[in-house]
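Structure, as structure tokens:
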Amino acid sequence: MATRRDAGAAESSRANRGWWDRNADEYQSDHGAFLGDDRFVWGPEGLDEAEARLLGPASSLKGAAVLEIGAGAAQCSRWLAAQGAHPVALDLSHRQLQHALRIGAEGVGLVEADAGALPFADGTFDLACSAYGALPFVADPVLVLREVRRVLRPGGRFVFSVTHPIRWAFPDEPGPEGLSVSGSYFDRTPYVEQDDSGHAVYVEHHRTVGDRVRDVVAAGLRLVDLVEPEWPDWNTQEWGGWSPLRGSLIPGTAIFVCDRD
């Protein structure tokens, strides 16, 4: 049963770890072909890091220590390794990381951990990235952002993508029914799926664009760009509430490019 109610950090983490462990197989089966085994895609629109270069020029990746947060099956990390980087793929879900091993993890470190308590020393990484990983699902995004800042070296960069906040005002439907506002954009009440006993089995947290910007600043990072990918003509697939119809009218993804001064 889906509802809107408060959900704290511990409940959100426990629910989402269980959800991704249970649904990793279906997720990789449904979306693995689009994501590729070693492609870096920022979201359902199909914006590719090979084209966007949000992490920096190709030359900056060679030899760089990179942390991928919410890595799933480590597709992005595999691409980074092919560019000469030294990536570590971190995920909350054991089953997702098993898929990373199934595909192959040569040149990629795999770590099972919560993004709110990164198991790395200060200043370990040159770059960090997260394509729809962790941040949409945590109750305290500032905690995660502060952890990322801590493990980045001075001058490091963190780029993360999330569902575009405007999408929360619309039904999560790919067709015409998903084009009419059904709720308040300013309602931050978490979306919770729960079992018959009322225990959360999936939690997603809404932040407005302004909230996301303030979170970045509160964590001590500097926002240098906000990218809203347009839906390309070549992409004819539907992915949940993402579709060519909706993508031609409203943004579906927001990508925040942040630097650690």
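As shown in the structure tokens, the chain order sets the letters A, B, ...; within each chain, residues go from 1, and ligands are also counted from 1 in the order they appear.
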Legend entry - Neighbour list for A:Leu90 as a ChimeraX atom specification, cut-off 10 Å, only C-alpha atoms, skip fewer than 4 positions in-chain: /A:67-74,77,96-97,109-115,118-119,130,133-134
Inset, instruction - Pick out the closest residue to A:Tyr191 from this set: A:Glu204, A:Asp38, A:Glu238, A:Asp259. Count only C-alpha atoms. - result: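 Using only C-alpha atoms, the shortest distance to A:Tyr191 belongs to A:Glu204.
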Inset, instruction - For atom CA of A:Gly8 and atom CA of A:Ala139, quote the distance in Å rounded to one decimal. - result: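 Atom-to-atom, atom CA of A:Gly8 to atom CA of A:Ala139, that is 5.8 Å.
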Legend entry - Test item: residues at most 9 Å from stretch 140-151 of chain A, only C-alpha atoms, excluding those fewer than 5 positions along its chain, as a list in words: Gly8, Ala9, Leu67, Ala115, Gly116, Ala117, Leu118, Phe120, Ala121, Asp122, Gly123, Thr124, Phe125, Asp126, Ala128, Ala134, Leu135, Gly156, Arg157, Phe158, Arg212, Asp215, Val216, Ala218, Ala219, Gly220, Leu221, Asp259 and Arg260 of chain A
Inset, instruction - Enumerate the residues of stretch 65-189 of chain A with a DSSP assignment of strand (DSSP E), computed from the backbone, and present them as a PyMOL selection string. - result: chain A and resi 65-69+86-91+109-112+125-131+152-163
Could you please take those selected residues and save C-alpha atoms as a compact mmCIF listing (two decimals), in the first residue's frame?
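Result file follows (out06.txt):
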# COMPACT_ATOMS: atom_id res chain seq x y z
CA ALA A 65 40.18 7.93 -7.61
CA VAL A 66 36.39 8.02 -8.07
CA LEU A 67 33.58 7.05 -5.69
CA GLU A 68 30.24 6.00 -7.21
CA ILE A 69 27.41 6.17 -4.66
CA HIS A 86 40.24 3.94 -10.26
CA PRO A 87 36.57 3.66 -9.24
CA VAL A 88 34.95 2.32 -6.10
CA ALA A 89 31.28 1.34 -6.48
CA LEU A 90 29.29 1.65 -3.25
CA ASP A 91 25.73 0.46 -2.74
CA GLY A 109 36.25 -1.87 -6.02
CA LEU A 110 32.89 -2.96 -4.58
CA VAL A 111 31.73 -1.78 -1.16
CA GLU A 112 28.42 -2.48 0.61
CA PHE A 125 38.80 10.54 -3.67
CA ASP A 126 39.34 13.03 -6.48
CA LEU A 127 35.78 12.72 -7.81
CA ALA A 128 32.42 11.33 -6.71
CA CYS A 129 29.27 10.62 -8.66
CA SER A 130 25.77 9.26 -8.17
CA ALA A 131 23.28 8.56 -10.95
CA LEU A 152 36.76 14.30 -1.42
CA ARG A 153 40.12 15.98 -1.77
CA PRO A 154 40.23 19.79 -2.03
CA GLY A 155 39.25 20.75 -5.56
CA GLY A 156 37.27 17.52 -5.97
CA ARG A 157 33.93 17.32 -7.75
CA PHE A 158 30.66 15.57 -6.92
CA VAL A 159 27.95 15.18 -9.55
CA PHE A 160 24.61 13.60 -8.70
CA SER A 161 21.32 13.10 -10.51
CA VAL A 162 17.85 12.75 -8.98
CA THR A 163 14.26 12.79 -10.11
Legend entry - Separation of atom CA of A:Gly178 from atom CA of A:Trp239, in Å and rounded to one decimal: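 It comes out at 13.1 Å.
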Inset, instruction - Report the residues of stretch 75-258 of chain A whose backbone DSSP state falls under alpha helix (DSSP H), written as a PyMOL selection string. - result: chain A and resi 75-82+94-103+141-151+209-218+244-247
Check which residues of stretch 23-96 of chain A sit at most 9 Å from stretch 226-231 of chain A using only C-alpha atoms, and return one row each with the closest pair of atoms and their distance in Å to one decimal, ordered by chain and rising number, as a tab-separated table.
residue	atom	partner	partner_atom	distance
A:Gly43	CA	A:Pro229	CA	8.7
A:Pro44	CA	A:Trp231	CA	8.7
A:Glu45	CA	A:Trp231	CA	5.3
A:Gly46	CA	A:Trp231	CA	8.0
A:Leu47	CA	A:Pro229	CA	6.9
Can you spit out the residues from that selection as a PDB file, in the first residue's frame, using C-alpha atoms?
ATOM      1  CA  GLY A  43      19.051   9.110 -16.143  1.00  0.00           C
ATOM      2  CA  PRO A  44      16.133   7.787 -18.209  1.00  0.00           C
ATOM      3  CA  GLU A  45      16.641  10.466 -20.842  1.00  0.00           C
ATOM      4  CA  GLY A  46      19.853   8.698 -21.787  1.00  0.00           C
ATOM      5  CA  LEU A  47      22.308  11.563 -21.239  1.00  0.00           C
TER       6      LEU A  47
END
Inset, instruction - Go through A:Arg102, A:Lys62, A:Arg53, A:Arg39 one by one, measure the shortest atom-to-atom distance of each to A:Cys76 using only C-alpha atoms, and give the residue with the smallest value. - result: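 Looking at the shortest contact to A:Cys76, the residue is A:Arg39.
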